[in-house]
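data.tsv, holding TSV, C-alpha atoms:
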chain	number	residue	atom	x	y	z
A	193	MET	CA	-11.17	17.99	-7.39
A	194	LYS	CA	-12.27	20.27	-10.23
A	195	ILE	CA	-12.47	18.92	-13.79
A	196	LYS	CA	-9.90	21.51	-14.92
A	197	ASP	CA	-7.37	20.33	-12.29
A	198	THR	CA	-7.93	16.68	-13.24
A	199	PHE	CA	-7.31	17.52	-16.91
A	200	LEU	CA	-4.05	19.32	-16.09
A	201	ILE	CA	-2.80	16.38	-14.03
A	202	LEU	CA	-3.59	13.95	-16.86
A	203	ILE	CA	-1.73	16.14	-19.34
A	204	ALA	CA	1.28	16.27	-17.01
A	205	LEU	CA	1.31	12.47	-16.69
A	206	LEU	CA	1.19	12.03	-20.45
A	207	LEU	CA	4.04	14.43	-21.17
A	208	PRO	CA	7.59	12.97	-21.23
A	209	ILE	CA	9.39	13.48	-17.95
A	210	GLN	CA	12.33	15.88	-18.15
A	211	THR	CA	14.83	16.12	-15.34
A	212	GLU	CA	16.68	19.31	-14.57
A	213	ALA	CA	19.82	17.84	-16.19
A	214	GLN	CA	17.91	17.12	-19.41
A	215	VAL	CA	16.91	20.74	-19.84
A	216	LEU	CA	20.16	22.10	-18.47
A	217	GLN	CA	21.05	25.66	-19.40
A	218	LEU	CA	23.51	28.13	-17.98
A	219	PRO	CA	22.33	29.42	-14.59
A	220	ASN	CA	20.76	32.87	-14.32
A	221	ASP	CA	20.70	33.25	-10.53
A	222	GLY	CA	23.25	36.01	-10.13
A	223	PRO	CA	26.21	37.46	-12.07
A	224	LEU	CA	28.42	34.95	-13.86
A	225	THR	CA	32.18	34.82	-14.37
A	226	LEU	CA	31.77	34.33	-18.13
A	227	ARG	CA	33.27	36.95	-20.43
A	228	PRO	CA	30.68	38.02	-23.03
A	229	LEU	CA	33.16	38.47	-25.87
A	230	LEU	CA	34.65	35.02	-25.28
A	231	GLN	CA	31.19	33.49	-25.16
A	232	GLN	CA	30.25	35.23	-28.39
A	233	LEU	CA	33.42	34.13	-30.17
A	234	GLY	CA	33.17	30.59	-28.83
A	235	THR	CA	29.56	30.28	-29.94
A	236	GLN	CA	30.47	31.50	-33.43
A	237	LEU	CA	33.41	29.11	-33.76
A	238	LEU	CA	31.23	26.14	-32.79
A	239	GLU	CA	28.65	26.79	-35.51
A	240	GLY	CA	27.96	23.64	-37.51
A	241	LYS	CA	29.92	21.53	-35.05
A	242	LYS	CA	29.17	19.43	-31.98
A	243	GLY	CA	31.50	20.23	-29.15
A	244	SER	CA	32.62	22.36	-26.23
A	245	ILE	CA	34.99	25.13	-25.31
A	246	VAL	CA	35.89	25.57	-21.64
A	247	ALA	CA	38.30	28.27	-20.46
A	248	ILE	CA	39.28	28.98	-16.85
A	249	GLN	CA	41.38	31.59	-15.04
A	250	PRO	CA	44.05	29.40	-13.39
A	251	GLU	CA	44.60	31.77	-10.47
A	252	ASN	CA	41.09	31.42	-9.05
A	253	GLY	CA	39.06	28.78	-10.92
A	254	GLU	CA	36.69	31.26	-12.55
A	255	ILE	CA	35.15	29.89	-15.74
A	256	ILE	CA	35.50	32.63	-18.33
A	257	CYS	CA	34.13	30.70	-21.30
A	258	LEU	CA	31.67	27.80	-21.42
A	259	ALA	CA	30.49	27.54	-25.00
A	260	THR	CA	28.79	24.45	-26.40
A	261	HIS	CA	26.93	23.47	-29.53
A	262	ASN	CA	24.85	20.37	-30.22
A	263	GLU	CA	23.78	18.80	-33.48
A	264	ASN	CA	20.29	20.25	-33.10
A	265	ASP	CA	21.71	23.77	-33.46
A	266	SER	CA	21.46	24.61	-29.77
A	267	ALA	CA	23.74	25.28	-26.82
A	268	ASP	CA	23.81	22.35	-24.42
A	269	ALA	CA	25.99	22.73	-21.34
A	270	ARG	CA	25.83	18.99	-20.73
A	271	LEU	CA	28.40	18.51	-23.48
A	272	ALA	CA	30.96	20.32	-21.31
A	273	ILE	CA	30.10	19.11	-17.81
A	274	ALA	CA	28.16	15.86	-18.20
A	275	LYS	CA	29.44	14.07	-21.31
A	276	ALA	CA	32.57	12.00	-20.80
A	277	TYR	CA	34.87	11.35	-23.75
A	278	ALA	CA	38.13	9.51	-24.29
A	279	PRO	CA	40.67	12.33	-23.83
A	280	GLY	CA	43.12	10.99	-26.40
A	281	SER	CA	46.67	12.29	-26.37
A	282	THR	CA	45.84	15.27	-24.16
A	283	ILE	CA	46.14	12.80	-21.24
A	284	LYS	CA	49.80	12.18	-22.07
A	285	THR	CA	50.62	15.29	-20.04
A	286	ALA	CA	49.11	13.69	-16.93
A	287	GLN	CA	50.72	10.33	-17.70
A	288	ALA	CA	54.14	11.98	-17.89
A	289	LEU	CA	53.60	13.75	-14.56
A	290	ILE	CA	52.66	10.47	-12.86
A	291	LEU	CA	55.51	8.45	-14.36
A	292	TYR	CA	58.02	11.16	-13.46
A	293	SER	CA	56.70	11.44	-9.90
A	294	GLU	CA	56.97	7.67	-9.44
A	295	GLY	CA	60.59	7.66	-10.61
A	296	LEU	CA	59.85	5.57	-13.68
A	297	ILE	CA	61.00	8.21	-16.18
A	298	ASP	CA	62.94	11.44	-16.29
A	299	GLU	CA	63.60	14.04	-18.96
A	300	HIS	CA	66.30	11.80	-20.47
A	301	THR	CA	64.21	8.65	-20.86
A	302	SER	CA	64.59	7.69	-24.51
A	303	ILE	CA	62.35	5.27	-26.42
A	304	ALA	CA	62.51	4.25	-30.06
A	305	CYS	CA	59.41	4.27	-32.27
A	306	ASP	CA	59.25	2.63	-35.68
A	307	ASN	CA	55.97	4.09	-36.94
A	308	GLY	CA	54.05	2.58	-34.03
A	309	PHE	CA	53.86	0.18	-31.11
A	310	LEU	CA	53.98	-3.56	-31.82
A	311	ASP	CA	53.50	-6.37	-29.29
A	312	GLY	CA	52.36	-9.73	-30.62
A	313	ASN	CA	49.12	-9.22	-32.49
A	314	ILE	CA	48.70	-5.68	-31.12
A	315	LYS	CA	49.70	-2.85	-33.45
A	316	VAL	CA	49.15	0.79	-32.55
A	317	GLY	CA	50.12	3.25	-35.23
A	318	CYS	CA	52.09	6.44	-34.72
A	319	HIS	CA	52.71	9.27	-37.15
A	320	LYS	CA	56.14	9.60	-38.64
A	321	HIS	CA	58.74	11.39	-36.52
A	322	ARG	CA	62.41	11.03	-35.72
A	323	SER	CA	63.42	8.28	-33.32
A	324	PRO	CA	64.29	7.74	-30.54
A	325	LEU	CA	62.61	10.49	-28.53
A	326	LYS	CA	63.11	11.83	-25.02
A	327	LEU	CA	60.29	13.13	-22.83
A	328	LYS	CA	59.95	16.67	-24.20
A	329	ASP	CA	59.89	15.55	-27.81
A	330	ALA	CA	57.64	12.58	-27.00
A	331	LEU	CA	55.08	15.13	-25.81
A	332	ALA	CA	55.75	17.53	-28.67
A	333	GLN	CA	55.38	14.79	-31.29
A	334	SER	CA	52.67	12.92	-29.33
A	335	CYS	CA	54.44	9.57	-29.68
A	336	ASN	CA	52.02	6.72	-28.92
A	337	THR	CA	54.83	4.18	-28.55
A	338	TRP	CA	56.57	6.25	-25.89
A	339	PHE	CA	53.51	6.62	-23.70
A	340	ILE	CA	52.11	3.12	-24.17
A	341	SER	CA	55.49	1.60	-23.30
A	342	THR	CA	56.04	3.70	-20.18
A	343	PHE	CA	52.46	3.26	-18.95
A	344	MET	CA	52.73	-0.51	-19.35
A	345	SER	CA	56.05	-0.49	-17.51
A	346	MET	CA	54.34	1.15	-14.52
A	347	ILE	CA	51.45	-1.30	-14.37
A	348	ASN	CA	53.77	-4.31	-14.80
A	349	ASP	CA	56.46	-3.15	-12.33
A	350	ILE	CA	56.53	-5.92	-9.68
A	351	PHE	CA	59.45	-4.35	-7.82
A	352	LEU	CA	57.94	-0.92	-7.19
A	353	TYR	CA	54.41	-2.25	-6.64
A	354	GLU	CA	53.17	-5.46	-5.04
A	355	ASN	CA	50.97	-6.22	-8.04
A	356	ALA	CA	49.04	-4.62	-10.90
A	357	ASP	CA	46.16	-3.80	-8.55
A	358	GLU	CA	48.44	-1.59	-6.45
A	359	ALA	CA	49.96	0.02	-9.53
A	360	ILE	CA	46.60	0.99	-11.03
A	361	THR	CA	45.46	2.30	-7.63
A	362	VAL	CA	48.50	4.56	-7.39
A	363	TRP	CA	47.93	5.74	-10.98
A	364	ARG	CA	44.28	6.47	-10.30
A	365	ASN	CA	45.03	8.41	-7.11
A	366	TYR	CA	47.34	10.73	-9.02
A	367	MET	CA	44.70	11.27	-11.71
A	368	ARG	CA	41.98	12.00	-9.15
A	369	SER	CA	44.24	14.54	-7.44
A	370	MET	CA	44.27	16.47	-10.72
A	371	GLY	CA	40.46	16.60	-10.67
A	372	LEU	CA	40.02	13.90	-13.31
A	373	GLY	CA	37.48	11.08	-13.55
A	374	GLY	CA	34.88	12.48	-11.16
A	375	PRO	CA	32.71	15.58	-10.65
A	376	LEU	CA	34.66	18.72	-9.77
A	377	GLY	CA	31.70	20.27	-7.96
A	378	ILE	CA	30.98	23.11	-10.38
A	379	ASP	CA	28.15	25.39	-9.20
A	380	MET	CA	25.78	24.13	-11.91
A	381	HIS	CA	23.31	21.28	-11.86
A	382	GLY	CA	23.89	18.09	-13.79
A	383	GLU	CA	27.67	17.61	-13.63
A	384	LEU	CA	28.82	14.02	-14.12
A	385	GLY	CA	32.15	12.29	-13.72
A	386	GLY	CA	33.83	9.94	-16.13
A	387	LEU	CA	35.89	6.76	-15.92
A	388	LEU	CA	39.25	6.06	-14.37
A	389	ALA	CA	39.79	2.32	-14.19
A	390	ASN	CA	40.41	0.90	-10.74
A	391	ALA	CA	41.28	-2.65	-9.68
A	392	ASN	CA	37.68	-3.74	-9.03
A	393	TYR	CA	36.48	-2.36	-12.35
A	394	LEU	CA	39.26	-4.14	-14.23
A	395	LYS	CA	38.60	-7.46	-12.50
A	396	GLN	CA	34.97	-7.29	-13.59
A	397	ARG	CA	35.77	-6.11	-17.11
A	398	TYR	CA	38.54	-8.69	-17.62
A	399	PRO	CA	37.49	-11.73	-15.53
A	400	ASP	CA	40.27	-13.87	-17.03
A	401	GLY	CA	42.88	-11.49	-15.67
A	402	TRP	CA	44.56	-8.31	-16.85
A	403	THR	CA	48.03	-6.78	-17.16
A	404	GLY	CA	49.52	-3.58	-18.45
A	405	LYS	CA	49.19	-4.98	-21.95
A	406	THR	CA	45.44	-5.48	-21.45
A	407	ILE	CA	44.88	-1.80	-20.73
A	408	LEU	CA	47.71	-0.26	-22.75
A	409	TRP	CA	45.21	1.97	-24.58
A	410	ALA	CA	44.78	4.07	-21.43
A	411	GLY	CA	48.39	5.16	-21.83
A	412	MET	CA	47.37	7.13	-24.93
A	413	GLY	CA	44.00	8.32	-23.58
A	414	GLN	CA	41.66	5.69	-24.98
A	415	GLY	CA	40.03	2.55	-23.62
A	416	ASP	CA	39.32	2.50	-19.90
A	417	ILE	CA	39.47	6.27	-19.34
A	418	THR	CA	36.97	9.03	-20.07
A	419	LEU	CA	36.81	12.67	-18.96
A	420	THR	CA	34.49	15.63	-19.45
A	421	PRO	CA	35.79	18.75	-21.25
A	422	LEU	CA	35.53	20.56	-17.90
A	423	GLN	CA	37.92	18.03	-16.34
A	424	MET	CA	40.27	18.33	-19.31
A	425	CYS	CA	40.36	22.08	-18.78
A	426	ASN	CA	41.04	21.53	-15.10
A	427	LEU	CA	44.05	19.39	-16.08
A	428	ALA	CA	45.30	22.38	-18.08
A	429	VAL	CA	44.77	24.55	-14.98
A	430	THR	CA	46.89	22.25	-12.81
A	431	LEU	CA	49.64	22.38	-15.42
A	432	ALA	CA	49.45	26.17	-15.66
A	433	ASN	CA	49.65	26.43	-11.86
A	434	ARG	CA	52.39	23.82	-11.59
A	435	GLY	CA	50.46	21.60	-9.24
A	436	TYR	CA	47.20	23.01	-7.91
A	437	TYR	CA	43.73	24.25	-8.80
A	438	TYR	CA	40.69	25.92	-7.32
A	439	PRO	CA	37.39	24.13	-8.01
A	440	PRO	CA	35.94	25.66	-11.17
A	441	HIS	CA	32.90	27.88	-10.70
A	442	ILE	CA	30.65	29.99	-12.87
A	443	HIS	CA	29.10	32.34	-10.30
A	444	GLN	CA	30.83	35.58	-9.46
A	445	ALA	CA	31.35	36.57	-5.87
A	446	THR	CA	29.27	39.61	-4.85
A	447	GLU	CA	27.94	41.07	-1.62
A	448	GLN	CA	24.64	39.37	-2.33
A	449	HIS	CA	26.17	36.12	-3.56
A	450	THR	CA	29.20	34.95	-1.59
A	451	LEU	CA	31.15	31.99	-2.89
A	452	SER	CA	31.15	28.75	-0.96
A	453	GLN	CA	34.43	28.09	0.84
A	454	ARG	CA	34.99	25.07	-1.39
A	455	TYR	CA	35.68	27.40	-4.35
A	456	LEU	CA	38.22	29.36	-2.33
A	457	THR	CA	40.14	26.31	-1.11
A	458	ARG	CA	43.26	25.37	-3.03
A	459	ARG	CA	43.55	21.73	-4.12
A	460	ASP	CA	47.07	20.38	-4.53
A	461	THR	CA	47.88	17.49	-6.84
A	462	LYS	CA	49.99	14.50	-5.78
A	463	VAL	CA	52.53	15.26	-8.51
A	464	ILE	CA	56.01	16.18	-7.31
A	465	PRO	CA	56.86	19.84	-8.12
A	466	LYS	CA	59.91	19.14	-10.29
A	467	ALA	CA	57.85	16.99	-12.69
A	468	TYR	CA	56.11	20.04	-14.11
A	469	LYS	CA	59.14	21.72	-15.67
A	470	PRO	CA	59.95	19.06	-18.33
A	471	VAL	CA	56.27	18.37	-19.06
A	472	ILE	CA	55.50	22.04	-19.60
A	473	ALA	CA	58.64	22.34	-21.71
A	474	GLY	CA	57.27	19.50	-23.84
A	475	MET	CA	53.93	21.31	-24.18
A	476	ARG	CA	55.78	24.45	-25.23
A	477	ARG	CA	57.77	22.47	-27.79
A	478	ALA	CA	54.51	21.01	-29.14
A	479	VAL	CA	53.45	24.55	-30.06
A	480	GLU	CA	56.87	25.68	-31.25
A	481	SER	CA	57.66	22.75	-33.53
A	482	GLY	CA	55.36	19.81	-32.78
A	483	THR	CA	51.78	18.80	-33.42
A	484	ALA	CA	50.38	22.25	-32.53
A	485	ALA	CA	52.95	24.33	-34.44
A	486	SER	CA	50.23	25.99	-36.51
A	487	ILE	CA	49.11	28.07	-33.50
A	488	ASN	CA	52.52	29.36	-32.46
A	489	THR	CA	52.66	33.12	-32.05
A	490	PRO	CA	55.41	35.60	-31.10
A	491	ALA	CA	52.93	37.62	-29.06
A	492	TYR	CA	52.95	35.23	-26.06
A	493	GLN	CA	54.10	31.70	-25.32
A	494	ILE	CA	51.36	29.08	-25.64
A	495	CYS	CA	51.83	25.66	-24.05
A	496	GLY	CA	49.54	22.97	-25.42
A	497	LYS	CA	48.80	19.36	-26.19
A	498	THR	CA	46.72	18.09	-29.08
A	499	GLY	CA	44.53	15.00	-29.01
A	500	THR	CA	43.11	12.90	-31.85
A	501	ILE	CA	40.54	10.40	-30.60
A	502	GLU	CA	39.73	7.33	-32.66
A	503	ASN	CA	36.13	6.17	-32.80
A	504	ALA	CA	33.66	4.51	-35.15
A	505	GLY	CA	33.30	7.62	-37.31
A	506	LYS	CA	35.67	10.46	-38.08
A	507	ASP	CA	38.18	11.15	-35.30
A	508	HIS	CA	37.37	13.65	-32.55
A	509	SER	CA	39.59	16.72	-32.25
A	510	ALA	CA	40.86	17.84	-28.82
A	511	PHE	CA	43.29	20.33	-27.34
A	512	ILE	CA	44.30	21.50	-23.88
A	513	GLY	CA	46.67	24.34	-23.12
A	514	PHE	CA	47.41	27.57	-21.34
A	515	ALA	CA	49.08	30.94	-21.95
A	516	PRO	CA	51.32	32.69	-21.36
A	517	MET	CA	53.82	29.98	-20.40
A	518	ASN	CA	54.95	31.97	-17.36
A	519	ASN	CA	52.31	33.78	-15.28
A	520	PRO	CA	49.39	32.05	-17.11
A	521	LYS	CA	46.14	33.98	-17.45
A	522	ILE	CA	43.99	31.41	-19.27
A	523	ALA	CA	43.72	27.62	-19.41
A	524	ILE	CA	41.55	26.02	-22.06
A	525	ALA	CA	40.11	22.77	-23.38
A	526	VAL	CA	38.40	22.36	-26.74
A	527	TYR	CA	36.68	19.15	-27.83
A	528	ILE	CA	35.05	18.84	-31.26
A	529	GLU	CA	33.27	15.60	-32.12
A	530	HIS	CA	34.32	14.27	-35.54
A	531	GLY	CA	36.65	17.23	-35.95
A	532	GLY	CA	39.63	15.20	-37.20
A	533	PHE	CA	43.16	15.71	-35.91
A	534	GLY	CA	43.62	17.77	-32.77
A	535	ALA	CA	45.53	20.30	-34.86
A	536	ASP	CA	42.71	20.57	-37.41
A	537	LEU	CA	39.99	22.26	-35.33
A	538	ALA	CA	40.49	22.12	-31.57
A	539	ALA	CA	43.93	23.76	-31.45
A	540	PRO	CA	43.16	26.71	-33.78
A	541	ILE	CA	39.84	27.34	-32.02
A	542	ALA	CA	41.65	27.40	-28.67
A	543	SER	CA	44.27	29.79	-30.02
A	544	LEU	CA	41.60	32.30	-31.09
A	545	ILE	CA	39.90	32.19	-27.68
A	546	MET	CA	43.27	32.76	-25.99
A	547	GLU	CA	44.08	35.66	-28.32
A	548	GLN	CA	40.71	37.31	-27.72
A	549	TYR	CA	41.24	37.09	-23.96
A	550	LEU	CA	44.91	38.06	-23.80
A	551	LYS	CA	44.92	40.77	-26.49
A	552	GLY	CA	41.34	42.02	-26.20
A	553	LYS	CA	40.63	41.49	-29.89
A	554	LEU	CA	41.57	39.34	-32.85
A	555	SER	CA	44.10	40.49	-35.41
A	556	LYS	CA	42.97	40.74	-39.04
A	557	THR	CA	44.75	37.46	-39.76
A	558	SER	CA	42.95	35.79	-36.85
A	559	GLN	CA	39.62	37.24	-37.93
A	560	ALA	CA	40.12	35.61	-41.32
A	561	LYS	CA	41.04	32.35	-39.60
A	562	ALA	CA	37.90	32.54	-37.45
A	563	LYS	CA	35.81	32.99	-40.57
A	564	GLN	CA	37.40	29.88	-42.09
A	565	LEU	CA	36.78	27.84	-38.96
A	566	ARG	CA	33.15	28.94	-38.75
A	567	ALA	CA	32.63	27.64	-42.29
A	568	ILE	CA	33.75	24.13	-41.31
A	569	HIS	CA	30.79	21.93	-40.39
A	570	THR	CA	31.24	18.53	-38.76
A	571	VAL	CA	27.54	17.68	-38.33
A	572	GLU	CA	24.76	17.60	-40.88
A	573	ALA	CA	22.34	20.50	-40.83
A	574	GLN	CA	19.13	19.56	-39.03
A	575	GLN	CA	15.95	19.67	-41.07
Could you write out this file's structure as structure tokens?
Amino acid sequence: MKIKDTFLILIALLLPIQTEAQVLQLPNDGPLTLRPLLQQLGTQLLEGKKGSIVAIQPENGEIICLATHNENDSADARLAIAKAYAPGSTIKTAQALILYSEGLIDEHTSIACDNGFLDGNIKVGCHKHRSPLKLKDALAQSCNTWFISTFMSMINDIFLYENADEAITVWRNYMRSMGLGGPLGIDMHGELGGLLANANYLKQRYPDGWTGKTILWAGMGQGDITLTPLQMCNLAVTLANRGYYYPPHIHQATEQHTLSQRYLTRRDTKVIPKAYKPVIAGMRRAVESGTAASINTPAYQICGKTGTIENAGKDHSAFIGFAPMNNPKIAIAVYIEHGGFGADLAAPIASLIMEQYLKGKLSKTSQAKAKQLRAIHTVEAQQ
């Protein structure tokens, strides 16, 4: 072996090992489905923030925006496809679909909330709203009490299910059918899954036993459940399509690059069809008069769900939605670390991406809003 070759090998051994996932960037092997103007706008809106924007065409699973920004002032696709977060209240849409499908709730189910959920020494706060609420308004107002109570009732139902193990298995199967908790198979390297608690996991995590009360946090999208922003967007796709999705992909089909059959195969959820109408009506009401009212527009009907995720620092801001309500053209998920309430950053960012796509440009009012959002920084500037 030559001295030069030996030197190069030694240098390689001394350098830190980087896997493909660690240096992940958007692929460049063929035309992509991304829309340049959406990418540009998304990148601008994420300046000074750590987070992701994922937008998909519901009709075919094409990813039209995959914008990310890390604290080191760089784009890092791992934030969208390989970092799992607590989804917060965005998951209440999926919870409602499951509970409705299992016959545990309907659109008339009414639950009272006195500023939060209280059970023994457990207190979960809820923002002030009128009480009691039915399903549509529980979604619109994002009532924690409503969703914790109904989720617990499912897990503890000994008449419908043999035990809690069976109940959580049924719950998990519904979630997985919506593409949640595991890799969706995007045509990029480095995708990871997330966490959907199953019976074995819960037995190991809570060796002294567990009940619906033990895992009540999952009912509001925290605790034993984490998803990637890509999965959260896929949930929005299944809602837009009223029960199905095509696996999300970022490569465009051409004569030289044909899509794998997996991206052309429709995936149906386990949710019963009639569950979607009241849940989508609740998402529409959230934008008309609920937690996402600031993004309502007469131009087209947006359906959405905000999420505010508690953590050690400032809350994370999340939003999922689609537009228009009927014949949807875009489904979106926005997740901003330490962005505050879901209505503070995630929802207005999502509304601008939707407007750019549906209208072809931003109005002067929206341009001013974009400028304001760009000026908001949630991470310290790197030296």
key: Among the residues A:Leu352, A:Lys405, A:Asn390, A:Gly280, the one that comes closest to A:Leu310 [using all atoms listed in the file]   =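 Of all the options, A:Lys405 lies closest to A:Leu310.
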note - atom CA of A:Thr301 and atom CA of A:Lys328 are separated by 9.7 Å
Students should find that atom CA of A:Gly505 and atom CA of A:Ala330 are spaced 26.9 Å
Q.
One decimal, in Å: what's the spacing between atom CA of A:Cys318 and atom CA of A:Asp306?
A.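 That distance, rounded to one decimal, is 8.2 Å.
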Env of A:Pro540: 10 Å cut, atoms = only C-alpha atoms, seq-sep filter 6 positions within chain, self excluded. Answer as a list in words.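 The neighbour list is Ala484, Ser486, Ile487, Asn488, Phe511, Val526, Gly534, Met546, Ser558, Lys561, Ala562 and Leu565 of chain A.
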Worksheet item: Looking at A:Pro470, A:Gly373, A:Gly415, A:Pro279, which one is nearest to A:His300, with distances taken over all atoms listed in the file?
Response: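 Once distances to A:His300 are computed over all atoms listed in the file, the minimum belongs to A:Pro470.
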(Q) Give me the residues near stretch 528-531 of chain A as JSON, numbers by chain, where near means some atom within 7 Å (using all atoms listed in the file) and where sequence neighbours in that chain fewer than 5 positions away do not count. (A) {"A": [241, 242, 243, 244, 505, 506, 507, 508, 509, 510, 537, 538, 570]}
Smallest atom-to-atom distance to A:Pro465: which of A:Tyr492, A:Tyr292, A:Tyr398, A:Tyr277, using all atoms listed in the file?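 Checking each of A:Tyr492, A:Tyr292, A:Tyr398, A:Tyr277 against A:Pro465, counting all atoms listed in the file, the winner is A:Tyr292.
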Exercise for review: For A:Pro421, list every protein, DNA or RNA residue within 8 Å, evaluated using all atoms listed in the file, and leave out those in the same chain fewer than 4 positions away; present the list as a list in words.
Suggested key: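 The residues satisfying every condition are Ser244, Ile245, Val246, Leu271, Ala272, Ile273, Lys275, Ala276, Tyr277, Cys425, Ala525, Val526 and Tyr527 of chain A.
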Near stretch 283-290 of chain A, 12 Å: stretch 360-429 of chain A residue rows, closest pairs, all atoms listed in the file, as CSV:
residue,atom,partner,partner_atom,distance
A:Ile360,CA,A:Ile290,CA,11.4
A:Val362,CA,A:Ile290,CA,9.1
A:Trp363,CA,A:Ile290,CA,6.9
A:Arg364,CA,A:Ile290,CA,9.6
A:Asn365,CA,A:Ile290,CA,9.8
A:Tyr366,CA,A:Ile290,CA,6.6
A:Met367,CA,A:Ala286,CA,7.2
A:Arg368,CA,A:Ala286,CA,10.7
A:Ser369,CA,A:Ala286,CA,10.7
A:Met370,CA,A:Ala286,CA,8.3
A:Gly371,CA,A:Ala286,CA,11.1
A:Leu372,CA,A:Ala286,CA,9.8
A:Gly373,CA,A:Ile283,CA,11.7
A:Leu388,CA,A:Ile283,CA,11.8
A:Trp409,CA,A:Ile283,CA,11.4
A:Ala410,CA,A:Ile283,CA,8.8
A:Gly411,CA,A:Gln287,CA,7.0
A:Met412,CA,A:Lys284,CA,6.3
A:Gly413,CA,A:Ile283,CA,5.5
A:Gln414,CA,A:Ile283,CA,9.2
A:Ile417,CA,A:Ile283,CA,9.5
A:Thr418,CA,A:Ile283,CA,10.0
A:Leu419,CA,A:Ile283,CA,9.6
A:Pro421,CA,A:Ile283,CA,11.9
A:Gln423,CA,A:Ile283,CA,10.9
A:Met424,CA,A:Ile283,CA,8.3
A:Cys425,CA,A:Ile283,CA,11.2
A:Asn426,CA,A:Ala286,CA,11.4
A:Leu427,CA,A:Ala286,CA,7.7
A:Ala428,CA,A:Thr285,CA,9.1
A:Val429,CA,A:Ala286,CA,11.9
Using all atoms listed in the file, find the one residue out of A:Pro324, A:Gly552, A:Pro516, A:Gly240 that sits nearest to A:Asn262.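 So, comparing all the options, the nearest one is A:Gly240.
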Residue with the minimum atom-to-atom distance to A:Trp402, picked from A:Asn348, A:Glu447, A:Gly386, A:Ser452 with all atoms listed in the file counted, is A:Asn348
Would you list the contacts of A:Asp379 as an mmCIF file with C-alpha atoms, in the coordinates of the input, taking every protein, DNA or RNA residue within 7 Å and counting only C-alpha atoms, but skipping same-chain residues closer than 2 positions in sequence?
data_model
loop_
_atom_site.group_PDB
_atom_site.id
_atom_site.type_symbol
_atom_site.label_atom_id
_atom_site.label_comp_id
_atom_site.auth_asym_id
_atom_site.auth_seq_id
_atom_site.Cartn_x
_atom_site.Cartn_y
_atom_site.Cartn_z
ATOM 1 C CA GLY A 377 31.700 20.270 -7.960
ATOM 2 C CA HIS A 381 23.310 21.280 -11.860
ATOM 3 C CA HIS A 441 32.900 27.880 -10.700
ATOM 4 C CA ILE A 442 30.650 29.990 -12.870
#
The residue from A:Lys469, A:Arg397, A:His261, A:Arg458 with the smallest atom-to-atom distance to A:Asp416, counting only C-alpha atoms, is A:Arg397
Name the residues within 12 Å of (65.6, 12.0, -24.5), counting all atoms listed in the file in the file's coordinates, and put them as a ChimeraX atom specification. /A:297-304,322-331,338,470,474
What lies within 9 Å of A:Leu224 using only C-alpha atoms, ignoring chain neighbours under 6 positions off, as a PDB file with C-alpha atoms, in the coordinates of the input?
ATOM      1  CA  ILE A 255      35.150  29.890 -15.740  1.00  0.00           C
ATOM      2  CA  ILE A 256      35.500  32.630 -18.330  1.00  0.00           C
ATOM      3  CA  HIS A 441      32.900  27.880 -10.700  1.00  0.00           C
ATOM      4  CA  ILE A 442      30.650  29.990 -12.870  1.00  0.00           C
ATOM      5  CA  HIS A 443      29.100  32.340 -10.300  1.00  0.00           C
ATOM      6  CA  GLN A 444      30.830  35.580  -9.460  1.00  0.00           C
ATOM      7  CA  ALA A 445      31.350  36.570  -5.870  1.00  0.00           C
TER       8      ALA A 445
END
